[in-house]
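Pasting upload-v1.txt here (compact mmCIF, C-alpha atoms and all ligand atoms):
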```txt
# COMPACT_ATOMS: atom_id res chain seq x y z
CA MET D 162 12.07 -21.11 3.16
CA ILE D 163 10.98 -20.18 6.66
CA VAL D 164 12.09 -21.44 10.04
CA VAL D 165 9.24 -21.20 12.54
CA MET D 166 10.42 -20.90 16.14
CA LYS D 167 8.28 -22.30 18.95
CA VAL D 168 6.21 -19.96 21.12
CA GLY D 169 8.40 -18.68 23.95
CA SER D 170 11.74 -19.41 22.22
CA PRO D 171 14.52 -17.66 24.17
CA GLU D 172 16.08 -14.70 22.33
CA ALA D 173 19.53 -16.22 22.73
CA GLU D 174 18.36 -19.40 21.01
CA ILE D 175 16.82 -17.43 18.11
CA ALA D 176 20.11 -15.56 17.76
CA ARG D 177 22.06 -18.82 17.81
CA VAL D 178 19.85 -20.36 15.10
CA SER D 179 20.29 -17.18 12.98
CA GLN D 180 24.03 -17.36 13.45
CA ASP D 181 24.20 -21.03 12.46
CA LEU D 182 22.15 -20.29 9.35
CA ALA D 183 24.42 -17.35 8.52
CA GLU D 184 27.41 -19.70 8.77
CA TRP D 185 25.75 -21.78 6.05
CA GLY D 186 25.88 -18.69 3.83
CA LEU D 187 22.23 -17.74 4.36
CA THR D 188 20.86 -14.34 5.40
CA PRO D 189 18.07 -15.00 7.86
CA GLU D 190 15.50 -12.24 8.26
CA LYS D 191 13.85 -12.14 11.68
CA ILE D 192 10.08 -11.60 11.53
CA VAL D 193 8.44 -11.03 14.88
CA GLY D 194 4.79 -12.07 14.78
CA LYS D 195 2.12 -11.79 17.46
CA HIS D 196 2.98 -15.15 19.01
CA LYS D 197 5.93 -16.58 17.15
CA VAL D 198 9.21 -15.57 15.62
CA VAL D 199 9.87 -16.70 12.07
CA LEU D 200 13.25 -16.64 10.35
CA GLY D 201 12.86 -16.00 6.64
CA LEU D 202 15.47 -17.41 4.27
CA VAL D 203 15.53 -16.14 0.71
CA GLY D 204 18.08 -17.13 -1.89
CA GLU D 205 19.69 -20.40 -2.86
CA THR D 206 17.67 -22.71 -0.63
CA VAL D 207 16.83 -25.45 -3.16
CA ASP D 208 19.63 -27.71 -2.00
CA LEU D 209 18.89 -27.21 1.68
CA ASP D 210 17.37 -30.06 3.59
CA PRO D 211 14.63 -28.83 5.95
CA LEU D 212 15.30 -31.78 8.26
CA GLN D 213 18.93 -30.76 8.63
CA ILE D 214 17.87 -27.21 9.59
CA GLN D 215 15.35 -28.63 12.03
CA GLU D 216 18.22 -30.28 13.90
CA ILE D 217 19.89 -26.97 14.75
CA SER D 218 17.64 -26.41 17.77
CA PRO D 219 14.84 -28.11 19.71
CA TRP D 220 13.14 -24.68 19.69
CA ILE D 221 12.51 -24.93 15.95
CA GLU D 222 8.86 -25.87 15.42
CA GLU D 223 9.00 -26.46 11.68
CA VAL D 224 10.87 -25.59 8.52
CA LEU D 225 8.73 -24.84 5.49
CA ARG D 226 9.42 -24.06 1.87
CA VAL D 227 7.75 -20.99 0.35
CA GLU D 228 6.62 -22.30 -3.00
CA LYS D 229 5.46 -18.98 -4.49
CA PRO D 230 7.87 -16.97 -6.66
CA PHE D 231 7.19 -13.96 -4.45
CA LYS D 232 8.84 -14.90 -1.17
CA ARG D 233 8.89 -11.93 1.21
CA ALA D 234 5.49 -10.78 -0.07
CA SER D 235 3.89 -14.18 0.48
CA LEU D 236 1.51 -14.93 3.32
CA GLU D 237 3.64 -17.98 4.21
CA TYR D 238 6.68 -15.77 4.80
CA ARG D 239 4.90 -14.33 7.82
CA HIS D 240 3.42 -17.69 8.71
CA GLY D 241 -0.08 -16.54 7.80
CA GLU D 242 -0.05 -13.30 9.77
CA ALA D 243 -1.10 -10.02 8.08
CA SER D 244 1.39 -7.20 8.40
CA ASP D 245 0.43 -3.62 8.97
CA VAL D 246 2.18 -0.54 7.75
CA VAL D 247 2.48 2.11 10.44
CA VAL D 248 2.85 5.65 9.16
CA PRO D 249 3.75 8.45 11.58
CA THR D 250 1.82 11.64 10.72
CA PRO D 251 1.36 14.96 12.57
CA ASN D 252 -2.04 13.59 13.71
CA GLY D 253 -0.42 10.45 15.16
CA ASP D 254 0.52 6.99 13.91
CA ILE D 255 -1.80 5.60 11.23
CA HIS D 256 -1.96 1.80 11.02
CA ILE D 257 -2.89 0.35 7.64
CA GLY D 258 -3.72 -3.35 7.74
CA GLU D 259 -6.25 -6.10 8.15
CA HIS D 260 -6.61 -5.71 11.91
CA HIS D 261 -7.19 -1.96 11.88
CA PRO D 262 -10.00 0.40 10.90
CA VAL D 263 -10.24 1.44 7.24
CA VAL D 264 -7.79 4.24 6.41
CA ILE D 265 -9.02 6.96 4.07
CA VAL D 266 -6.83 8.77 1.58
CA ALA D 267 -8.39 11.70 -0.27
CA GLY D 268 -7.41 14.69 -2.33
CA PRO D 269 -7.06 15.99 -5.85
CA CYS D 270 -5.38 14.23 -8.72
CA SER D 271 -2.88 17.11 -9.04
CA VAL D 272 -1.71 19.83 -6.72
CA GLU D 273 -2.82 22.95 -8.61
CA ASN D 274 -2.20 25.87 -6.24
CA GLU D 275 -1.85 26.54 -2.53
CA GLU D 276 -5.41 27.64 -1.92
CA MET D 277 -6.99 24.55 -3.49
CA ILE D 278 -4.68 22.04 -1.83
CA VAL D 279 -4.97 23.61 1.62
CA GLU D 280 -8.74 23.95 1.29
CA THR D 281 -9.07 20.34 0.11
CA ALA D 282 -6.86 19.15 2.96
CA ARG D 283 -9.00 20.93 5.53
CA ARG D 284 -12.23 19.65 4.01
CA VAL D 285 -11.18 16.01 3.70
CA LYS D 286 -9.67 16.09 7.19
CA ALA D 287 -12.93 17.41 8.62
CA ALA D 288 -14.80 14.65 6.77
CA GLY D 289 -12.59 11.96 8.34
CA ALA D 290 -9.66 11.36 5.96
CA HIS D 291 -6.27 10.30 7.35
CA PHE D 292 -4.07 11.16 4.37
CA LEU D 293 -4.05 13.84 1.70
CA ARG D 294 -3.14 12.70 -1.79
CA GLY D 295 -2.07 14.98 -4.61
CA GLY D 296 0.34 14.69 -7.52
CA ALA D 297 3.28 17.04 -7.99
CA TYR D 298 4.67 14.91 -10.84
CA LYS D 299 1.91 13.54 -13.05
CA PRO D 300 2.14 10.65 -15.50
CA ARG D 301 0.01 11.88 -18.42
CA THR D 302 -0.78 10.04 -21.63
CA SER D 303 -0.23 13.21 -23.66
CA PRO D 304 3.01 15.19 -23.42
CA TYR D 305 0.87 18.31 -23.98
CA ALA D 306 -1.37 17.67 -20.96
CA PHE D 307 -0.67 19.28 -17.57
CA GLN D 308 2.38 17.50 -16.15
CA GLY D 309 2.07 18.70 -12.54
CA HIS D 310 3.88 21.64 -10.96
CA GLY D 311 6.80 19.47 -9.88
CA GLU D 312 9.05 20.65 -7.06
CA SER D 313 7.01 23.76 -6.26
CA ALA D 314 3.96 21.54 -5.65
CA LEU D 315 5.94 19.63 -3.01
CA GLY D 316 6.17 22.87 -1.03
CA LEU D 317 2.39 23.26 -1.34
CA LEU D 318 1.86 19.71 -0.05
CA ALA D 319 4.08 20.56 2.93
CA ALA D 320 1.90 23.62 3.59
CA ALA D 321 -1.25 21.47 3.40
CA ARG D 322 0.34 18.99 5.82
CA ASP D 323 1.08 21.81 8.27
CA ALA D 324 -2.43 23.24 7.92
CA SER D 325 -4.26 19.92 8.36
CA GLY D 326 -1.93 17.49 10.16
CA LEU D 327 -2.75 14.93 7.47
CA GLY D 328 -0.10 12.55 6.18
CA ILE D 329 0.90 13.15 2.55
CA ILE D 330 0.86 10.63 -0.29
CA THR D 331 2.37 11.70 -3.59
CA GLU D 332 3.80 9.97 -6.64
CA VAL D 333 7.41 9.53 -7.69
CA MET D 334 7.96 8.98 -11.42
CA ASP D 335 11.71 9.51 -11.65
CA SER D 336 14.21 8.28 -9.10
CA ALA D 337 16.10 11.57 -9.52
CA ASP D 338 13.20 13.24 -7.66
CA LEU D 339 12.89 10.60 -4.95
CA GLU D 340 14.93 12.30 -2.24
CA LYS D 341 13.04 15.59 -2.37
CA ILE D 342 9.68 13.82 -2.63
CA ALA D 343 10.51 11.65 0.40
CA GLU D 344 11.26 14.81 2.41
CA VAL D 345 7.59 15.82 2.10
CA ALA D 346 5.74 12.54 1.55
CA ASP D 347 4.75 10.26 4.40
CA VAL D 348 4.05 7.56 1.82
CA VAL D 349 5.64 7.49 -1.63
CA GLN D 350 3.36 6.36 -4.46
CA VAL D 351 4.54 4.32 -7.43
CA GLY D 352 1.91 4.72 -10.13
CA ALA D 353 0.31 2.09 -12.35
CA ARG D 354 2.52 3.03 -15.28
CA ASN D 355 5.68 2.46 -13.27
CA MET D 356 4.68 -0.74 -11.53
CA GLN D 357 7.32 -2.63 -13.47
CA ASN D 358 9.94 0.12 -13.54
CA PHE D 359 12.35 -2.16 -11.74
CA SER D 360 15.08 0.40 -11.22
CA LEU D 361 12.55 2.74 -9.58
CA LEU D 362 11.26 -0.14 -7.43
CA LYS D 363 14.81 -0.86 -6.22
CA LYS D 364 15.27 2.83 -5.37
CA VAL D 365 12.04 3.16 -3.38
CA GLY D 366 12.97 -0.11 -1.69
CA ALA D 367 16.27 1.36 -0.58
CA GLN D 368 14.72 4.36 1.22
CA ASP D 369 12.70 4.48 4.42
CA LYS D 370 9.29 5.92 3.54
CA PRO D 371 6.44 3.41 3.08
CA VAL D 372 5.56 2.73 -0.54
CA LEU D 373 2.11 2.64 -2.11
CA LEU D 374 2.39 0.34 -5.12
CA LYS D 375 -0.41 0.72 -7.64
CA ARG D 376 -1.32 -2.23 -9.82
CA GLY D 377 -0.22 -1.83 -13.43
CA MET D 378 -3.17 -1.43 -15.75
CA SER D 379 -2.51 -4.79 -17.39
CA ALA D 380 -0.61 -6.48 -14.60
CA THR D 381 -1.48 -9.93 -13.35
CA ILE D 382 -1.67 -10.40 -9.62
CA GLU D 383 1.59 -12.33 -9.71
CA GLU D 384 3.40 -9.58 -11.63
CA TRP D 385 2.10 -7.07 -9.09
CA LEU D 386 3.33 -9.16 -6.15
CA MET D 387 6.69 -9.65 -7.86
CA ALA D 388 6.92 -5.85 -8.18
CA ALA D 389 6.23 -5.59 -4.43
CA GLU D 390 8.92 -8.24 -3.92
CA TYR D 391 11.49 -5.92 -5.56
CA ILE D 392 10.75 -3.27 -2.92
CA LEU D 393 10.82 -5.77 -0.05
CA ALA D 394 14.01 -7.38 -1.34
CA ALA D 395 15.69 -3.97 -1.46
CA GLY D 396 15.07 -3.63 2.28
CA ASN D 397 11.83 -1.68 2.67
CA PRO D 398 9.22 -3.83 4.46
CA ASN D 399 6.47 -1.19 4.26
CA VAL D 400 4.55 -1.78 1.06
CA ILE D 401 0.83 -1.15 0.51
CA LEU D 402 -0.81 -2.62 -2.60
CA CYS D 403 -3.36 -0.44 -4.41
CA GLU D 404 -5.88 -1.79 -6.93
CA ARG D 405 -6.85 1.03 -9.29
CA GLY D 406 -8.67 -0.74 -12.09
CA ILE D 407 -7.34 -2.78 -14.98
CA ARG D 408 -7.81 -2.74 -18.75
CA THR D 409 -10.42 -5.15 -20.00
CA PHE D 410 -12.30 -5.41 -23.29
CA ASP D 411 -14.83 -2.80 -22.19
CA ARG D 412 -13.77 0.82 -21.70
CA GLN D 413 -16.89 2.38 -23.18
CA TYR D 414 -18.67 3.47 -20.02
CA ALA D 415 -16.13 3.09 -17.26
CA ARG D 416 -12.46 4.11 -17.55
CA ASN D 417 -11.23 0.82 -16.12
CA THR D 418 -12.55 -2.38 -14.60
CA LEU D 419 -12.11 -2.16 -10.84
CA ASP D 420 -11.02 -5.62 -9.81
CA LEU D 421 -12.46 -6.03 -6.33
CA SER D 422 -11.82 -9.76 -6.49
CA VAL D 423 -8.21 -8.92 -5.60
CA LEU D 424 -9.36 -8.46 -2.00
CA PRO D 425 -10.00 -12.13 -1.19
CA VAL D 426 -7.38 -13.29 -3.69
CA LEU D 427 -4.57 -11.15 -2.26
CA ARG D 428 -5.65 -12.02 1.26
CA SER D 429 -4.92 -15.66 0.46
CA LEU D 430 -1.55 -14.88 -1.10
CA THR D 431 0.07 -12.01 0.75
CA HIS D 432 0.39 -10.37 4.17
CA LEU D 433 0.61 -6.88 2.66
CA PRO D 434 -2.15 -4.30 3.28
CA ILE D 435 -4.58 -3.57 0.44
CA MET D 436 -5.93 -0.21 -0.71
CA ILE D 437 -8.68 0.28 -3.31
CA ASP D 438 -8.87 3.32 -5.60
CA PRO D 439 -12.41 3.52 -7.02
CA SER D 440 -11.69 6.90 -8.65
CA HIS D 441 -9.20 5.66 -11.25
CA GLY D 442 -11.00 2.33 -11.10
CA THR D 443 -14.18 3.75 -12.61
CA GLY D 444 -13.22 7.17 -14.00
CA LYS D 445 -16.57 8.73 -13.17
CA ALA D 446 -17.52 10.50 -9.95
CA GLU D 447 -21.03 9.06 -9.99
CA TYR D 448 -19.68 5.49 -9.93
CA VAL D 449 -17.17 6.06 -7.14
CA PRO D 450 -19.43 5.82 -4.04
CA ALA D 451 -20.89 2.39 -4.90
CA MET D 452 -17.45 0.92 -5.45
CA ALA D 453 -16.03 2.56 -2.32
CA LEU D 454 -18.77 0.96 -0.24
CA ALA D 455 -18.32 -2.39 -1.96
CA ALA D 456 -14.56 -2.25 -1.32
CA ILE D 457 -15.11 -1.78 2.41
CA ALA D 458 -17.67 -4.59 2.48
CA ALA D 459 -15.17 -6.86 0.70
CA GLY D 460 -12.43 -6.16 3.24
CA ALA D 461 -10.30 -3.27 1.92
CA ASP D 462 -7.79 -1.91 4.43
CA SER D 463 -7.78 1.53 2.86
CA LEU D 464 -9.54 3.63 0.24
CA MET D 465 -8.09 6.28 -2.07
CA ILE D 466 -10.61 8.79 -3.38
CA GLU D 467 -10.01 11.81 -5.60
CA VAL D 468 -11.62 14.99 -4.25
CA HIS D 469 -11.42 18.43 -5.87
CA PRO D 470 -13.00 21.70 -4.70
CA ASN D 471 -14.22 22.37 -8.24
CA PRO D 472 -14.06 19.20 -10.36
CA ALA D 473 -15.25 20.96 -13.51
CA LYS D 474 -12.12 23.13 -13.42
CA ALA D 475 -9.64 20.41 -12.40
CA LEU D 476 -6.39 20.25 -14.40
CA SER D 477 -6.50 16.44 -14.33
CA ASP D 478 -9.09 13.76 -13.56
CA GLY D 479 -11.97 16.19 -12.91
CA PRO D 480 -14.65 13.77 -14.19
CA GLN D 481 -13.79 11.20 -11.51
CA SER D 482 -13.31 13.67 -8.65
CA LEU D 483 -15.88 14.11 -5.89
CA THR D 484 -16.71 17.53 -4.49
CA PRO D 485 -15.81 17.97 -0.81
CA ASP D 486 -19.54 17.88 0.04
CA ARG D 487 -20.07 14.59 -1.78
CA PHE D 488 -16.96 13.16 -0.15
CA ASP D 489 -18.27 14.21 3.23
CA SER D 490 -21.54 12.35 2.71
CA LEU D 491 -19.68 9.35 1.26
CA VAL D 492 -17.59 9.04 4.44
CA GLN D 493 -20.82 8.84 6.42
CA GLU D 494 -22.08 6.10 4.10
CA MET D 495 -18.74 4.31 4.42
CA ALA D 496 -19.04 4.46 8.21
CA VAL D 497 -22.25 2.39 8.03
CA ILE D 498 -20.55 -0.39 6.07
CA GLY D 499 -17.29 -0.03 8.02
CA LYS D 500 -19.11 -0.53 11.31
CA ALA D 501 -21.04 -3.51 9.91
CA VAL D 502 -17.78 -5.27 9.04
CA GLY D 503 -16.01 -4.15 12.23
CA ARG D 504 -13.52 -1.93 10.42
CA TRP D 505 -14.49 1.55 11.62
CA PRO D 506 -13.01 3.42 14.56
CA GLN D 507 -15.23 3.13 17.59
CA PRO D 508 -16.05 6.43 19.30
CA ALA D 509 -14.39 6.67 22.69
CA LEU D 510 -16.72 5.57 25.49
CA ALA D 511 -17.96 8.46 27.59
CA VAL D 512 -16.65 8.12 31.11
CA ALA D 513 -19.21 9.02 33.78
C1 LIG D 601 -3.06 9.00 -9.60
O1 LIG D 601 -3.12 8.45 -8.49
O2 LIG D 601 -3.42 10.17 -9.81
C2 LIG D 601 -2.60 8.20 -10.76
C3 LIG D 601 -2.01 8.75 -11.80
O3 LIG D 601 -2.88 6.90 -10.58
P1 LIG D 601 -2.59 5.61 -11.50
O4 LIG D 601 -1.10 5.44 -11.48
O5 LIG D 601 -3.33 4.53 -10.80
O6 LIG D 601 -3.13 5.91 -12.87
MN MN D 602 -5.63 10.95 -10.99
```
Give the structure from the file, written as structure tokens.
Ligand code: PEP
Ligand code: MN
Amino acid sequence: MIVVMKVGSPEAEIARVSQDLAEWGLTPEKIVGKHKVVLGLVGETVDLDPLQIQEISPWIEEVLRVEKPFKRASLEYRHGEASDVVVPTPNGDIHIGEHHPVVIVAGPCSVENEEMIVETARRVKAAGAHFLRGGAYKPRTSPYAFQGHGESALGLLAAARDASGLGIITEVMDSADLEKIAEVADVVQVGARNMQNFSLLKKVGAQDKPVLLKRGMSATIEEWLMAAEYILAAGNPNVILCERGIRTFDRQYARNTLDLSVLPVLRSLTHLPIMIDPSHGTGKAEYVPAMALAAIAAGADSLMIEVHPNPAKALSDGPQSLTPDRFDSLVQEMAVIGKAVGRWPQPALAVA
């Protein structure tokens, strides 16, 4: 249920309404939008009468029920207003959300050694990326495949951050590693295979770093939003959803089916920012550019693209990784579409 306060409601009145609601045993969550303040009420609200709440104050505009099972993640919870996730990085605050330019995340699947991660960071930064991605802990189908260098790779990500100023995005698989990962990561990634690891979701929800939540490979949109709800309910409001391809009947030519229809669908359901990962979504470097461009045209807030200095030698996901040169030219192609849809940073006007 949400209580929408009228434009210009005095702070003292909002506080009084919150206090009255708290006396009824509710825990109102104050959401400050562009024009209005909304008080979100989650929990046992079935027996509450919206009309009775309405009577608390003449400054209450309306009281609405959120019908969806995902409450805090729903668009209604913010009264239709998109939220953005603001990530402080050495290069400044990066805003990820519907009303901001497209944010680009790039880097290798795995952190392999210092030279390759620092070189990749410098190259993707020069091309226009805002974040460096790279796995220290890798979820691999085979226990015999490269599992990531673990803790030592976190130190290498920190070195790449220092060298480039880029924000760092890296995956957490085990909550035992969360604290040390969060020391280095600017955004903590929960991978597709852990999307419904509810204890991990509660843990990432109880820490401060923004969370990138990948869609499970067979997850419905509702299951995905309910996973996001776990993180929001645990107290972390900064969740970014990432579509990375789902399993369908056809895996012969592409690794996954990249579901770009989530862009308009999620937009109608949730206020959370949306990232698209065409690398895992297709599994082949040659298919990545077309889907990256399509994602921007369809309204993606952010793109995640795997880039490796020598894809043929990569320890994981080489076939879907772009070379730094190809990534560089792709960013230029993305700029054309980004500008066309009004989602590309405008160059500063020259002052005479
Ligand atoms: C990755 O980002 O390298 C990764 C393992 O992604 P996903 O969880 O989407 O498979
Ligand atoms: Mn990968």
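Taking atom CA of D:Ala183 and atom CA of D:Val199 as endpoints, the distance between them is 15.0 Å.
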List all protein, DNA and RNA residues that have at least one atom no more than 8 Å from any atom of ligand MN 602 (chain D), counting only C-alpha atoms and all ligand atoms, and write them as a PyMOL selection string.
-> chain D and resi 269-271+296+440-441+467+477-478
Which centre and edge lengths in Å to one decimal define the box along x, y and z that fits every listed atom of stretch 281-297 of chain D plus 3 Å per side, as AutoDock Vina command-line options?
```
--center_x -5.8 --center_y 15.6 --center_z 0.3 --size_x 24.1 --size_y 16.6 --size_z 22.6
```
Would you kindly return, as a compact mmCIF listing (two decimals) with C-alpha atoms, keeping the file's coordinate frame, each protein, DNA or RNA residue with an atom no farther than 8 Å from any atom of D:Ala243, considering all atoms listed in the file and excluding same-chain residues fewer than 6 positions away?
```txt
# COMPACT_ATOMS: atom_id res chain seq x y z
CA LEU D 236 1.51 -14.93 3.32
CA GLY D 258 -3.72 -3.35 7.74
CA GLU D 259 -6.25 -6.10 8.15
CA HIS D 260 -6.61 -5.71 11.91
CA THR D 431 0.07 -12.01 0.75
CA HIS D 432 0.39 -10.37 4.17
CA LEU D 433 0.61 -6.88 2.66
CA PRO D 434 -2.15 -4.30 3.28
```
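If you measure from each of D:Met436, D:Glu494, D:Leu373, D:Lys286 to D:Val263 using all atoms listed in the file, the closest one turns out to be D:Met436.
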